[in-house]
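Colleague: Sharing a structure with you now.
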Amino acid sequence: MIITNIPYLPGYTIEEHFGLVTGSTVQSKHFGRDLMAYFKNVFGGELKGYTELLNEARQIALKRLYAQAESVGANAVLNVRFSTTSVTSGAAELYAYGTAVRAQKVSHV
Amino acid sequence: MSELYTILLLIGAGYIFGNIGERRHFRSLRAREAETLRIPTIDIDVVDQARVVVEARLVCGQVTLAVDYFRRFAGSIRNFFGGQMAAYESLLDRARREAILRMKAEAPDCDIVVNVHIDACPIGKEKSKGRFKVTALECIASGTAIRYAQK
């Protein structure tokens with residue numbers, strides 16, 4: 001599966017469009033991580049636990065995006081965008097969406 | 001009275017550690033930006049048509065940064081009078097640059113990263129009743145890494 005966030009695929013021709021495919025997930029961290037974030041708010045700096053959370057959320061969202069794209073018979077997803085929402089305290093929704101297409105590699109002479 | 005001391009202590013700790021952390025972060029940002037200068041990042045989707053593209057793939061980088069207690073305090077005072085909130089500006093700047101650097105780190109062998117989008121979302125704990133409120137900023141940078149065939 002090829003994923004890009006540009007609306008075309010260099011070196012390939014698009015043969016068929018399958019429309020929008022999406023993947024989303026809501027993730028949260030355990031209490032300890034939230035507590036650490038509380039302390040970190042005094043000193044400032046990176047909240048590693050939440051970065052990790054975002055990373056996992058992105059991977060899960062993309063996995064669901066792949067699954068949906070595969071189910072419609074696509075081999076590439078173009079123009080992928082991410083969007084995040086903080087649903088409630090300590091939890092984040094990550095939403096990935098893109099256009100599923102079937103692409104054929106152009107043979108270079 | 002002890003309440004006041006606690007707040008003063010938190011502001012002091014935030015000021016000292018926040019500034020040390022920020023200075024260290026800016027130093028590391030500058031160093032890593034100099035290292036990855038070889039890979040340009042642009043926010044439009046142009047690919048050199050004259051060259052053969054071997055690989056095009058999505059790359060992402062994300063970071064969550066918290067603002068320290070002193071800055072939050074300074075920000076709330078500034079918010080009352082209005083004007084430029086420098087305390088938060090540096091946070092946004094750091095978060096975006098860090099996210100772009102992490103995105104670039106996913107594509108060490110690529111020639112260019114095109115169509116870079118930066119999405120920022122504030123994480124807030126508005127509902128908490130206590131003194132603490134988590135105010136943090138999460139940033140995701142995404143782009144398409146392009147690798148050209150060697151000439």
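We name chains A, B, ... following the order of the structure tokens; residues begin at 1 in each chain, and ligands are numbered from 1 as shown.
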Taking only residues of chain A that have an atom at most 6 Å from an atom of chain B, what is each one's shortest atom pair and its distance in Å to one decimal, using only C-alpha atoms, in chain and number order, as CSV?
Modeller:
```
residue,atom,partner,partner_atom,distance
A:Ile3,CA,B:Leu58,CA,5.5
A:Thr4,CA,B:Leu58,CA,4.5
A:Asn5,CA,B:Thr144,CA,5.6
A:Ile6,CA,B:Asp45,CA,5.9
A:Gly11,CA,B:Val53,CA,5.9
A:Asn41,CA,B:Asp68,CA,5.3
A:Val42,CA,B:Tyr69,CA,4.6
A:Phe43,CA,B:Gly14,CA,4.6
A:Gly44,CA,B:Asp68,CA,3.7
A:Gly45,CA,B:Ala66,CA,5.2
A:Glu46,CA,B:Leu65,CA,4.3
A:Leu47,CA,B:Thr64,CA,5.5
A:Thr51,CA,B:Val63,CA,5.2
A:Ser89,CA,B:Lys125,CA,5.3
```
Colleague: Let's have the selection written as an mmCIF file, in the first residue's frame, with C-alpha atoms.
Modeller:
```cif
data_model
loop_
_atom_site.group_PDB
_atom_site.id
_atom_site.type_symbol
_atom_site.label_atom_id
_atom_site.label_comp_id
_atom_site.auth_asym_id
_atom_site.auth_seq_id
_atom_site.Cartn_x
_atom_site.Cartn_y
_atom_site.Cartn_z
ATOM 1 C CA ILE A 3 0.355 6.394 0.984
ATOM 2 C CA THR A 4 1.095 10.002 0.073
ATOM 3 C CA ASN A 5 -0.368 13.359 0.906
ATOM 4 C CA ILE A 6 -0.062 14.768 -2.600
ATOM 5 C CA GLY A 11 5.845 7.470 -11.566
ATOM 6 C CA ASN A 41 2.892 21.462 33.413
ATOM 7 C CA VAL A 42 4.833 23.211 36.141
ATOM 8 C CA PHE A 43 8.199 22.934 34.423
ATOM 9 C CA GLY A 44 7.102 22.982 30.800
ATOM 10 C CA GLY A 45 8.600 20.818 28.114
ATOM 11 C CA GLU A 46 7.623 17.823 26.086
ATOM 12 C CA LEU A 47 4.869 15.516 27.325
ATOM 13 C CA THR A 51 3.549 12.210 22.060
ATOM 14 C CA SER A 89 -9.371 15.432 29.061
#
```
Colleague: List every residue of chain A that DSSP, applied to the backbone of this structure, assigns to alpha helix (DSSP H), and report them as a PyMOL selection string.
Modeller: chain A and resi 31-43+48-71
Colleague: Go ahead and dump the residues you just picked, N, CA, C and O atoms, as a compact mmCIF listing (two decimals), in the first residue's frame.
Modeller:
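Done, and the output landed in again17.txt:
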```txt
# COMPACT_ATOMS: atom_id res chain seq x y z
N PHE A 31 -3.60 6.44 34.01
CA PHE A 31 -3.59 7.47 35.03
C PHE A 31 -2.19 8.03 35.30
O PHE A 31 -2.01 9.23 35.46
N GLY A 32 -1.20 7.14 35.34
CA GLY A 32 0.17 7.56 35.65
C GLY A 32 0.70 8.59 34.67
O GLY A 32 1.36 9.56 35.07
N ARG A 33 0.40 8.37 33.39
CA ARG A 33 0.84 9.31 32.36
C ARG A 33 0.17 10.67 32.54
O ARG A 33 0.81 11.71 32.34
N ASP A 34 -1.10 10.65 32.91
CA ASP A 34 -1.82 11.91 33.12
C ASP A 34 -1.22 12.66 34.31
O ASP A 34 -1.10 13.88 34.28
N LEU A 35 -0.83 11.90 35.31
CA LEU A 35 -0.23 12.50 36.50
C LEU A 35 1.10 13.15 36.15
O LEU A 35 1.40 14.26 36.58
N MET A 36 1.89 12.44 35.33
CA MET A 36 3.18 12.99 34.89
C MET A 36 2.98 14.27 34.09
O MET A 36 3.75 15.22 34.22
N ALA A 37 1.92 14.29 33.29
CA ALA A 37 1.61 15.48 32.50
C ALA A 37 1.27 16.65 33.41
O ALA A 37 1.64 17.79 33.13
N TYR A 38 0.63 16.35 34.51
CA TYR A 38 0.32 17.39 35.51
C TYR A 38 1.59 18.03 36.04
O TYR A 38 1.71 19.23 36.11
N PHE A 39 2.56 17.18 36.41
CA PHE A 39 3.81 17.68 36.96
C PHE A 39 4.58 18.46 35.89
O PHE A 39 5.16 19.50 36.16
N LYS A 40 4.56 17.92 34.69
CA LYS A 40 5.29 18.54 33.59
C LYS A 40 4.75 19.94 33.29
O LYS A 40 5.45 20.78 32.76
N ASN A 41 3.51 20.16 33.67
CA ASN A 41 2.89 21.46 33.41
C ASN A 41 3.46 22.56 34.28
O ASN A 41 3.24 23.73 34.02
N VAL A 42 4.17 22.20 35.33
CA VAL A 42 4.83 23.21 36.14
C VAL A 42 6.11 23.64 35.45
O VAL A 42 6.40 24.83 35.34
N PHE A 43 6.87 22.65 34.96
CA PHE A 43 8.20 22.93 34.42
C PHE A 43 8.19 23.21 32.93
O PHE A 43 9.16 23.72 32.39
N LYS A 48 6.08 13.46 26.92
CA LYS A 48 6.47 12.29 26.12
C LYS A 48 5.34 11.27 26.04
O LYS A 48 5.14 10.64 25.01
N GLY A 49 4.62 11.12 27.14
CA GLY A 49 3.52 10.17 27.17
C GLY A 49 2.47 10.49 26.13
O GLY A 49 1.94 9.59 25.47
N TYR A 50 2.20 11.77 25.96
CA TYR A 50 1.17 12.17 25.01
C TYR A 50 1.67 12.12 23.57
O TYR A 50 0.90 11.86 22.65
N THR A 51 2.97 12.37 23.40
CA THR A 51 3.55 12.21 22.06
C THR A 51 3.44 10.75 21.62
O THR A 51 3.08 10.45 20.49
N GLU A 52 3.75 9.87 22.58
CA GLU A 52 3.65 8.43 22.35
C GLU A 52 2.21 8.05 21.99
O GLU A 52 1.97 7.27 21.07
N LEU A 53 1.29 8.64 22.74
CA LEU A 53 -0.14 8.39 22.52
C LEU A 53 -0.54 8.78 21.10
O LEU A 53 -1.24 8.04 20.41
N LEU A 54 -0.03 9.92 20.67
CA LEU A 54 -0.34 10.44 19.34
C LEU A 54 0.23 9.51 18.27
O LEU A 54 -0.40 9.25 17.26
N ASN A 55 1.44 9.03 18.56
CA ASN A 55 2.12 8.14 17.63
C ASN A 55 1.33 6.84 17.45
O ASN A 55 1.10 6.39 16.33
N GLU A 56 0.91 6.27 18.58
CA GLU A 56 0.12 5.04 18.52
C GLU A 56 -1.19 5.28 17.80
O GLU A 56 -1.62 4.48 16.97
N ALA A 57 -1.83 6.41 18.12
CA ALA A 57 -3.12 6.74 17.52
C ALA A 57 -2.98 6.87 16.00
O ALA A 57 -3.83 6.39 15.26
N ARG A 58 -1.89 7.50 15.58
CA ARG A 58 -1.68 7.67 14.14
C ARG A 58 -1.53 6.32 13.45
O ARG A 58 -2.09 6.09 12.39
N GLN A 59 -0.74 5.42 14.10
CA GLN A 59 -0.54 4.11 13.50
C GLN A 59 -1.84 3.32 13.40
O GLN A 59 -2.11 2.67 12.39
N ILE A 60 -2.66 3.41 14.44
CA ILE A 60 -3.94 2.68 14.43
C ILE A 60 -4.87 3.27 13.37
O ILE A 60 -5.50 2.55 12.60
N ALA A 61 -4.93 4.60 13.31
CA ALA A 61 -5.79 5.26 12.32
C ALA A 61 -5.37 4.89 10.90
O ALA A 61 -6.20 4.59 10.05
N LEU A 62 -4.05 4.87 10.68
CA LEU A 62 -3.56 4.51 9.34
C LEU A 62 -3.84 3.05 9.01
O LEU A 62 -4.16 2.71 7.88
N LYS A 63 -3.75 2.20 10.05
CA LYS A 63 -4.03 0.78 9.84
C LYS A 63 -5.47 0.58 9.41
O LYS A 63 -5.77 -0.20 8.51
N ARG A 64 -6.37 1.33 10.04
CA ARG A 64 -7.79 1.24 9.68
C ARG A 64 -8.03 1.81 8.28
O ARG A 64 -8.89 1.33 7.55
N LEU A 65 -7.26 2.84 7.96
CA LEU A 65 -7.35 3.42 6.62
C LEU A 65 -6.90 2.40 5.57
O LEU A 65 -7.58 2.21 4.56
N TYR A 66 -5.78 1.70 5.85
CA TYR A 66 -5.30 0.64 4.95
C TYR A 66 -6.37 -0.41 4.74
O TYR A 66 -6.63 -0.84 3.64
N ALA A 67 -6.95 -0.85 5.89
CA ALA A 67 -7.93 -1.94 5.85
C ALA A 67 -9.11 -1.55 4.96
O ALA A 67 -9.57 -2.36 4.15
N GLN A 68 -9.55 -0.32 5.11
CA GLN A 68 -10.69 0.12 4.32
C GLN A 68 -10.32 0.23 2.84
O GLN A 68 -11.10 -0.15 1.97
N ALA A 69 -9.12 0.73 2.58
CA ALA A 69 -8.67 0.87 1.20
C ALA A 69 -8.52 -0.49 0.54
O ALA A 69 -8.88 -0.69 -0.62
N GLU A 70 -8.00 -1.45 1.31
CA GLU A 70 -7.83 -2.79 0.77
C GLU A 70 -9.17 -3.44 0.47
O GLU A 70 -9.33 -4.14 -0.52
N SER A 71 -10.15 -3.17 1.33
CA SER A 71 -11.46 -3.80 1.16
C SER A 71 -12.17 -3.30 -0.10
O SER A 71 -13.01 -4.00 -0.65
```
Colleague: Quick one: everything within 10 Å of A:Val106, counting only C-alpha atoms, minus sequence neighbours fewer than 4 positions away in the same chain. Send it as a PyMOL selection string.
Modeller: chain A and resi 10-13
Colleague: Measure the distance from atom CA of A:Glu15 to atom CA of A:Asn75 in Å and round it to one decimal.
Modeller: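 About the pair atom CA of A:Glu15 and atom CA of A:Asn75: they are 10.6 Å apart.
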Colleague: For each of B:Phe26, B:Tyr148, B:Phe73, B:Tyr5, take the minimum atom-to-atom distance to B:Asp111, counting only C-alpha atoms, then give the residue where this is smallest.
Modeller: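 Checking each of B:Phe26, B:Tyr148, B:Phe73, B:Tyr5 against B:Asp111, counting only C-alpha atoms, the winner is B:Tyr148.
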Colleague: Calculated over only C-alpha atoms, which of the candidates B:Ala50, B:Met103, B:Ala87, B:Ala74 has the smallest distance to B:Ala149?
Modeller: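 Closest candidate: B:Ala50.
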Colleague: Neighbours of A:Ala76 within 7 Å (only C-alpha atoms; same-chain residues fewer than 3 positions away dropped), as a PDB file with N, CA and C atoms, in the first residue's frame?
Modeller:
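The resulting file, result17.pdb, is shown below:
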```
ATOM      1  N   MET A   1       0.856  -1.200   0.000  1.00  0.00           N
ATOM      2  CA  MET A   1       0.000   0.000   0.000  1.00  0.00           C
ATOM      3  C   MET A   1       0.889   1.246   0.000  1.00  0.00           C
ATOM      4  N   ILE A   2       0.634   2.125  -0.959  1.00  0.00           N
ATOM      5  CA  ILE A   2       1.398   3.376  -1.040  1.00  0.00           C
ATOM      6  C   ILE A   2       0.524   4.500  -0.496  1.00  0.00           C
ATOM      7  N   ILE A   3       1.107   5.296   0.388  1.00  0.00           N
ATOM      8  CA  ILE A   3       0.355   6.394   0.984  1.00  0.00           C
ATOM      9  C   ILE A   3       1.119   7.697   0.751  1.00  0.00           C
ATOM     10  N   ALA A 100      -8.770   6.730  -2.023  1.00  0.00           N
ATOM     11  CA  ALA A 100      -8.263   5.422  -2.416  1.00  0.00           C
ATOM     12  C   ALA A 100      -8.278   5.315  -3.933  1.00  0.00           C
ATOM     13  N   VAL A 101      -7.174   4.871  -4.491  1.00  0.00           N
ATOM     14  CA  VAL A 101      -7.086   4.717  -5.949  1.00  0.00           C
ATOM     15  C   VAL A 101      -6.383   3.408  -6.299  1.00  0.00           C
ATOM     16  N   ARG A 102      -6.527   3.006  -7.549  1.00  0.00           N
ATOM     17  CA  ARG A 102      -5.678   1.925  -8.033  1.00  0.00           C
ATOM     18  C   ARG A 102      -4.680   2.559  -9.003  1.00  0.00           C
ATOM     19  N   ALA A 103      -3.408   2.350  -8.712  1.00  0.00           N
ATOM     20  CA  ALA A 103      -2.363   2.977  -9.518  1.00  0.00           C
ATOM     21  C   ALA A 103      -1.549   1.920 -10.242  1.00  0.00           C
TER      22      ALA A 103
END
```
Colleague: How many Å lie between atom CA of B:Ala99 and atom CA of B:Val113, rounded to one decimal?
Modeller: 13.4 Å
